[in-house]
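**Student:** Following this line is input-v7.cif, made up of mmCIF, C-alpha atoms (C1' of nucleotides):
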```
data_input
loop_
_atom_site.label_atom_id
_atom_site.label_comp_id
_atom_site.auth_asym_id
_atom_site.auth_seq_id
_atom_site.Cartn_x
_atom_site.Cartn_y
_atom_site.Cartn_z
CA MET A 1 -0.74 11.41 -0.16
CA ALA A 2 -4.03 13.19 -0.70
CA ASP A 3 -6.45 10.87 -2.48
CA PRO A 4 -8.68 8.54 -0.45
CA LEU A 5 -8.10 5.47 -2.59
CA SER A 6 -4.33 5.69 -2.13
CA ARG A 7 -4.80 6.06 1.59
CA VAL A 8 -6.96 2.94 1.85
CA PHE A 9 -4.75 0.75 -0.33
CA SER A 10 -1.67 2.03 1.45
CA ALA A 11 -3.20 1.40 4.86
CA LEU A 12 -3.92 -2.22 3.97
CA ALA A 13 -0.50 -2.77 2.40
CA ASP A 14 0.93 -3.44 5.86
CA PRO A 15 0.37 -6.96 7.30
CA THR A 16 0.15 -5.68 10.88
CA ARG A 17 -2.59 -3.27 9.91
CA ARG A 18 -4.50 -5.95 8.03
CA ASP A 19 -4.16 -8.07 11.13
CA ILE A 20 -5.61 -5.27 13.22
CA VAL A 21 -8.52 -4.96 10.83
CA ALA A 22 -9.10 -8.70 11.09
CA ARG A 23 -9.07 -8.43 14.87
CA LEU A 24 -11.51 -5.52 14.81
CA ALA A 25 -13.91 -7.43 12.59
CA VAL A 26 -14.55 -9.63 15.62
CA GLY A 27 -15.27 -6.69 17.90
CA ASP A 28 -14.13 -3.29 19.09
CA ALA A 29 -10.90 -3.16 21.06
CA THR A 30 -8.60 -0.72 22.82
CA VAL A 31 -5.09 0.17 21.73
CA ASN A 32 -3.54 -1.88 24.51
CA GLU A 33 -5.60 -4.92 23.61
CA LEU A 34 -4.64 -4.53 19.97
CA ALA A 35 -0.96 -4.13 20.80
CA ALA A 36 -0.76 -7.22 23.01
CA PRO A 37 -0.21 -9.87 20.29
CA TYR A 38 2.67 -8.01 18.65
CA ASP A 39 6.18 -7.44 19.94
CA VAL A 40 6.16 -3.78 19.03
CA THR A 41 5.47 -0.90 21.38
CA VAL A 42 2.01 0.49 22.03
CA GLN A 43 3.11 3.70 20.35
CA ALA A 44 3.79 1.87 17.12
CA VAL A 45 0.30 0.34 17.18
CA SER A 46 -1.13 3.76 17.93
CA LYS A 47 0.58 5.02 14.79
CA HIS A 48 -0.88 2.16 12.78
CA LEU A 49 -4.31 3.08 14.07
CA LYS A 50 -3.78 6.66 13.00
CA VAL A 51 -3.04 5.46 9.49
CA LEU A 52 -6.17 3.30 9.49
CA GLU A 53 -8.19 6.19 10.88
CA ASP A 54 -6.93 8.63 8.25
CA ALA A 55 -7.94 6.10 5.63
CA GLY A 56 -11.43 6.01 7.14
CA LEU A 57 -11.17 2.31 7.96
CA VAL A 58 -11.44 2.84 11.68
CA SER A 59 -12.96 5.25 14.17
CA ARG A 60 -12.11 5.96 17.78
CA SER A 61 -14.48 7.02 20.50
CA ARG A 62 -13.86 7.87 24.12
CA GLU A 63 -14.99 5.84 27.10
CA ALA A 64 -13.38 6.95 30.35
CA GLN A 65 -9.62 6.69 29.77
CA ARG A 66 -10.09 4.11 27.05
CA ARG A 67 -10.33 4.84 23.35
CA PRO A 68 -12.21 1.88 21.85
CA VAL A 69 -11.40 1.35 18.18
CA HIS A 70 -14.22 0.49 15.80
CA LEU A 71 -14.01 -0.92 12.27
CA GLU A 72 -15.83 1.09 9.60
CA ALA A 73 -16.98 -1.10 6.73
CA GLU A 74 -18.12 1.56 4.25
CA VAL A 75 -14.69 2.52 2.95
CA PHE A 76 -14.17 -0.98 1.63
CA ASP A 77 -16.63 -0.12 -1.11
CA LEU A 78 -14.23 2.46 -2.46
CA MET A 79 -11.76 -0.29 -3.19
CA THR A 80 -14.13 -2.95 -4.45
CA THR A 81 -15.70 -0.45 -6.84
CA TRP A 82 -12.32 0.44 -8.28
CA ILE A 83 -11.15 -3.16 -8.44
CA GLU A 84 -14.33 -4.49 -10.00
CA ARG A 85 -14.31 -1.88 -12.70
CA TYR A 86 -10.91 -2.79 -14.08
CA ARG A 87 -11.20 -6.46 -13.46
CA ARG A 88 -14.41 -6.54 -15.46
CA ARG A 89 -12.77 -4.68 -18.32
CA ALA A 90 -9.74 -6.93 -18.28
CA GLU A 91 -11.91 -10.02 -18.31
CA GLU A 92 -14.10 -8.71 -21.10
CA ARG A 93 -11.03 -7.96 -23.11
CA TYR A 94 -9.72 -11.43 -22.46
CA ARG A 95 -13.03 -13.02 -23.41
CA ARG A 96 -13.15 -10.93 -26.58
CA LEU A 97 -9.67 -12.03 -27.56
CA ASP A 98 -10.73 -15.56 -26.87
CA ASP A 99 -13.70 -15.16 -29.19
CA VAL A 100 -11.50 -13.77 -31.92
CA LEU A 101 -9.12 -16.67 -31.60
CA ARG A 102 -11.97 -19.17 -31.58
CA SER A 103 -13.64 -17.68 -34.63
CA MET A 104 -10.42 -17.80 -36.57
CA PRO A 105 -9.98 -20.35 -39.36
CA ASP A 106 -7.78 -23.01 -37.87
CA VAL A 107 -4.24 -22.26 -38.90
CA SER A 108 -2.36 -25.44 -38.10
CA ALA A 109 -1.48 -23.78 -34.79
CA PRO A 110 -2.65 -25.29 -31.49
CA PRO A 111 -6.22 -24.24 -30.63
CA PRO A 112 -6.73 -21.65 -27.88
CA GLN A 113 -8.11 -24.27 -25.47
CA GLU A 114 -7.61 -23.59 -21.73
CA GLY A 115 -5.97 -20.32 -22.49
CA ASN A 116 -3.06 -19.05 -20.50
CA PRO A 117 -1.95 -16.02 -22.50
CA SER A 118 1.60 -15.72 -21.23
CA MET B 1 7.89 -7.50 1.82
CA ALA B 2 7.22 -11.15 1.23
CA ASP B 3 3.47 -11.76 1.29
CA PRO B 4 1.46 -11.46 -1.94
CA LEU B 5 -1.41 -9.51 -0.43
CA SER B 6 0.91 -6.77 0.81
CA ARG B 7 2.51 -6.59 -2.60
CA VAL B 8 -0.81 -6.13 -4.38
CA PHE B 9 -2.20 -3.54 -1.98
CA SER B 10 1.11 -1.70 -1.97
CA ALA B 11 1.27 -1.74 -5.77
CA LEU B 12 -2.15 -0.13 -6.04
CA ALA B 13 -1.44 2.43 -3.33
CA ASP B 14 0.26 4.63 -5.91
CA PRO B 15 -2.02 6.76 -8.14
CA THR B 16 0.32 6.51 -11.13
CA ARG B 17 0.29 2.74 -10.93
CA ARG B 18 -3.50 2.65 -10.63
CA ASP B 19 -3.59 4.88 -13.68
CA ILE B 20 -1.38 2.45 -15.55
CA VAL B 21 -3.69 -0.40 -14.59
CA ALA B 22 -6.64 1.62 -15.87
CA ARG B 23 -4.82 2.22 -19.11
CA LEU B 24 -3.98 -1.46 -19.49
CA ALA B 25 -7.58 -2.47 -18.93
CA VAL B 26 -8.26 -0.92 -22.34
CA GLY B 27 -5.50 -2.89 -24.02
CA ASP B 28 -1.87 -3.96 -23.89
CA ALA B 29 0.75 -1.26 -24.25
CA THR B 30 4.50 -0.76 -24.31
CA VAL B 31 6.53 1.07 -21.68
CA ASN B 32 7.00 4.05 -23.94
CA GLU B 33 3.29 4.32 -24.66
CA LEU B 34 2.51 4.05 -20.97
CA ALA B 35 5.07 6.70 -20.07
CA ALA B 36 3.85 9.25 -22.61
CA PRO B 37 1.00 10.81 -20.56
CA TYR B 38 3.18 11.47 -17.51
CA ASP B 39 5.97 13.94 -17.07
CA VAL B 40 8.28 11.43 -15.51
CA THR B 41 11.06 9.53 -17.25
CA VAL B 42 10.54 6.21 -18.97
CA GLN B 43 12.79 4.64 -16.33
CA ALA B 44 10.41 5.68 -13.58
CA VAL B 45 7.50 4.05 -15.40
CA SER B 46 9.61 0.96 -15.97
CA LYS B 47 10.11 0.80 -12.21
CA HIS B 48 6.39 1.12 -11.63
CA LEU B 49 5.81 -1.74 -14.02
CA LYS B 50 8.30 -3.85 -12.11
CA VAL B 51 6.31 -3.25 -8.95
CA LEU B 52 3.08 -4.20 -10.71
CA GLU B 53 4.76 -7.27 -12.19
CA ASP B 54 6.11 -8.41 -8.82
CA ALA B 55 2.59 -8.08 -7.48
CA GLY B 56 1.36 -10.31 -10.31
CA LEU B 57 -0.89 -7.60 -11.69
CA VAL B 58 0.93 -7.38 -14.96
CA SER B 59 2.99 -9.54 -17.29
CA ARG B 60 5.48 -8.65 -19.98
CA SER B 61 6.15 -10.55 -23.18
CA ARG B 62 8.64 -9.88 -25.93
CA GLU B 63 7.82 -8.78 -29.45
CA ALA B 64 10.87 -7.63 -31.39
CA GLN B 65 12.40 -4.83 -29.33
CA ARG B 66 9.09 -4.06 -27.68
CA ARG B 67 7.91 -5.47 -24.37
CA PRO B 68 4.12 -5.27 -24.45
CA VAL B 69 2.59 -5.08 -21.00
CA HIS B 70 -0.52 -7.11 -20.25
CA LEU B 71 -2.94 -6.77 -17.35
CA GLU B 72 -3.54 -9.94 -15.34
CA ALA B 73 -6.99 -9.99 -13.76
CA GLU B 74 -6.67 -13.01 -11.51
CA VAL B 75 -4.71 -11.35 -8.71
CA PHE B 76 -7.59 -8.99 -8.05
CA ASP B 77 -9.40 -11.94 -6.51
CA LEU B 78 -6.81 -12.10 -3.77
CA MET B 79 -7.85 -8.65 -2.64
CA THR B 80 -11.58 -8.96 -3.08
CA THR B 81 -11.57 -12.20 -1.13
CA TRP B 82 -9.77 -10.56 1.76
CA ILE B 83 -11.86 -7.42 1.66
CA GLU B 84 -15.17 -9.24 1.42
CA ARG B 85 -14.36 -11.46 4.34
CA TYR B 86 -13.84 -8.66 6.81
CA ARG B 87 -16.46 -6.37 5.39
CA ARG B 88 -19.03 -9.09 5.76
CA ARG B 89 -18.00 -9.69 9.35
CA ALA B 90 -18.06 -5.99 10.17
CA GLU B 91 -21.49 -5.60 8.64
CA GLU B 92 -22.86 -8.64 10.44
CA ARG B 93 -21.53 -7.30 13.67
CA TYR B 94 -23.11 -3.95 12.96
CA ARG B 95 -26.44 -5.53 12.07
CA ARG B 96 -26.34 -7.64 15.22
CA LEU B 97 -25.66 -4.61 17.39
CA ASP B 98 -28.49 -2.87 15.61
CA ASP B 99 -30.82 -5.76 16.45
CA VAL B 100 -29.78 -5.69 20.06
CA LEU B 101 -30.45 -2.00 20.28
CA ARG B 102 -33.79 -2.36 18.59
CA SER B 103 -34.91 -5.25 20.77
CA MET B 104 -33.95 -3.52 23.98
CA PRO B 105 -36.54 -2.17 26.39
CA ASP B 106 -35.67 1.49 26.56
CA VAL B 107 -33.66 1.87 29.71
CA SER B 108 -32.32 5.22 30.72
CA ALA B 109 -29.03 3.60 31.60
CA PRO B 110 -26.23 3.13 29.05
CA PRO B 111 -26.60 -0.15 27.18
CA PRO B 112 -24.45 -3.20 27.95
CA GLN B 113 -21.53 -2.79 25.60
CA GLU B 114 -21.50 -5.35 22.84
CA GLY B 115 -19.24 -8.40 23.11
CA ASN B 116 -15.75 -7.20 23.70
CA PRO B 117 -13.56 -10.15 24.66
CA SER B 118 -11.17 -8.41 27.00
"C1'" DT C 1 28.81 -3.84 -39.77
"C1'" DC C 2 27.16 0.31 -37.51
"C1'" DC C 3 23.09 2.86 -36.09
"C1'" DT C 4 18.66 3.48 -34.12
"C1'" DT C 5 14.90 2.27 -31.15
"C1'" DG C 6 13.04 0.34 -26.97
"C1'" DT C 7 13.92 -1.05 -22.61
"C1'" DT C 8 16.34 -2.09 -18.27
"C1'" DC C 9 20.21 -1.73 -14.80
"C1'" DA C 10 23.07 0.95 -11.36
"C1'" DA C 11 24.01 4.60 -8.46
"C1'" DC C 12 22.41 8.31 -6.25
"C1'" DC C 13 19.04 11.70 -3.77
"C1'" DG C 14 15.20 13.58 -0.86
"C1'" DA C 15 11.03 12.34 1.36
"C1'" DA C 16 8.16 9.24 3.71
"C1'" DA C 17 7.34 4.88 6.39
"C1'" DG C 18 7.81 2.15 10.48
"C1'" DG C 19 10.13 1.58 14.44
"C1'" DT C 20 12.22 3.27 18.97
"C1'" DT C 21 12.49 6.14 23.57
"C1'" DG C 22 10.91 9.82 26.49
"C1'" DA C 23 7.66 13.07 27.91
"C1'" DG C 24 2.99 14.74 28.46
"C1'" DG C 25 -2.24 14.95 28.55
"C1'" DA C 26 -6.94 13.00 30.08
"C1'" DA C 27 -9.77 10.70 33.12
"C1'" DG C 28 -10.85 8.11 37.06
"C1'" DG C 29 -9.62 6.15 41.98
"C1'" DA C 30 -7.31 6.39 46.71
"C1'" DT D 1 -4.94 16.28 46.12
"C1'" DC D 2 -1.83 12.88 44.29
"C1'" DC D 3 -1.41 8.49 41.84
"C1'" DT D 4 -2.27 5.30 38.31
"C1'" DT D 5 -3.83 3.93 33.82
"C1'" DC D 6 -4.44 4.57 29.01
"C1'" DC D 7 -3.15 6.81 25.28
"C1'" DT D 8 -0.79 10.27 22.09
"C1'" DC D 9 2.84 13.63 20.79
"C1'" DA D 10 7.72 14.76 19.67
"C1'" DA D 11 12.19 13.72 18.33
"C1'" DC D 12 15.13 10.65 16.38
"C1'" DC D 13 16.96 6.60 13.48
"C1'" DT D 14 17.07 3.34 9.61
"C1'" DT D 15 14.97 1.44 5.56
"C1'" DT D 16 12.10 1.83 1.65
"C1'" DC D 17 10.04 4.54 -2.17
"C1'" DG D 18 9.68 7.32 -6.16
"C1'" DG D 19 12.28 10.00 -8.77
"C1'" DT D 20 16.59 11.38 -11.37
"C1'" DT D 21 20.84 10.69 -14.65
"C1'" DG D 22 23.96 7.85 -17.18
"C1'" DA D 23 25.26 3.63 -19.08
"C1'" DA D 24 24.28 -0.88 -21.08
"C1'" DC D 25 21.69 -4.52 -23.37
"C1'" DA D 26 18.50 -6.52 -27.16
"C1'" DA D 27 16.78 -6.58 -31.66
"C1'" DG D 28 15.97 -4.93 -36.07
"C1'" DG D 29 17.19 -1.71 -40.20
"C1'" DA D 30 20.64 0.87 -43.14
#
```
As structure tokens, how would this structure be written, given the file I've shared?

**Tutor:**
Amino acid sequence: MADPLSRVFSALADPTRRDIVARLAVGDATVNELAAPYDVTVQAVSKHLKVLEDAGLVSRSREAQRRPVHLEAEVFDLMTTWIERYRRRAEERYRRLDDVLRSMPDVSAPPPQEGNPS
Amino acid sequence: MADPLSRVFSALADPTRRDIVARLAVGDATVNELAAPYDVTVQAVSKHLKVLEDAGLVSRSREAQRRPVHLEAEVFDLMTTWIERYRRRAEERYRRLDDVLRSMPDVSAPPPQEGNPS
DNA sequence: TCCTTGTTCAACCGAAAGGTTGAGGAAGGA
DNA sequence: TCCTTCCTCAACCTTTCGGTTGAACAAGGA
């Protein structure tokens, strides 16, 4: 899976990885510390971290034997930019439809008040 | 995969599905219309739409034989809320560390590592 | 009624994801 | 030097994912 956006979304699609991100938002941590709360092996958590690292969400440094993991906030922008773009369009489109409906001569049909278009 | 957040992130982890969302931001479309640009079968696109629907990103109505697909913008909030929360925390933490570094008398020794609750 | 169009369901396939165990590398400390 | 700690790599297993083909269902139109 080459593209960065897919990697980020995919990385955050796993609840354990989101949990790890949440934990790292508090402060840097080592793999062992991160693995403690879960009943999976340290190797599994190490794999999760690799996924997060490949997505650019996390970086690892070296400090004696330890490899402290650090959360990188910049990549989040990639997602929010994408999301905002299409959400804005969808909402504009919805608003426009709403306007059209509102400006229509009332045809005995119920008015488009509190619109749920499903 | 039960939780809604995982479903949404997972749904958008696929480039074809993001493409479909982009297409739907312009306006509603049928499965056949959505499938046209890709060289996969209509069934494959139908599956993609099911994933998007299960994530709440899309809804399908009925209109004669056609099933027009509609983009639902609300679910995006689920993601942005999550993302913003941890990005903000990460940035605060970064800013705080920055302040600490800036306010430190320049010692030649390595700085006291920032709050790591181990 | 039968046919055509649009869509979904079911079964299958290969590749990738997420987990395991076991071994190995890197960096101190005794 | 040898030992211990922390971490990653490699091989394997099972489940899920994205795709296929083939059949079926739903709703007009002839």

**Student:** Let me know the residues the PyMOL selection byres ((chain D) within 9 of (chain A)) catches in the file above, as number ranges by chain.

**Tutor:** D: 5-8

**Student:** List the spatial neighbours of segment 16-22 of chain C as a count of residues only - criterion: any atom at most 12 Å away, all atoms listed in the file, same-chain residues fewer than 6 positions off excluded.

**Tutor:** 28

**Student:** Written as a PyMOL selection string, what is the full residue list that the PyMOL selection byres ((chain A) within 10 of (chain B)) yields on the file shown?

**Tutor:** chain A and resi 1+3-15+18+21-30+33+68+70-77+79-80+82-94+117-118

**Student:** Rounded to one decimal in Å, what is the spacing between atom CA of Leu34 of chain B and atom C1' of DC25 of chain D?

**Tutor:** 21.1 Å

**Student:** Could you spell out the hits of the PyMOL selection byres ((chain C) within 9 of (chain B)) on the shown file, as a ChimeraX atom specification?

**Tutor:** /C:5-8

**Student:** Pick the closest to DA26 of chain C from A:Pro37, A:Arg62, A:Leu78, A:Arg95: which is it, counting only C-alpha atoms (C1' of nucleotides)?

**Tutor:**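 Distance minimum relative to DA26 of chain C lands on A:Arg62.
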
**Student:** Just to confirm, what's the straight-line distance from atom C1' of DC2 of chain C to atom C1' of DA23 of chain D in Å (one decimal)?

**Tutor:**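 Separation of atom C1' of DC2 of chain C and atom C1' of DA23 of chain D: 18.8 Å.
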
**Student:** Interatomic distance between atom C1' of DC9 of chain C and atom C1' of DG19 of chain D?

**Tutor:**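 Answer for the atom C1' of DC9 of chain C to atom C1' of DG19 of chain D separation: 15.4 Å.
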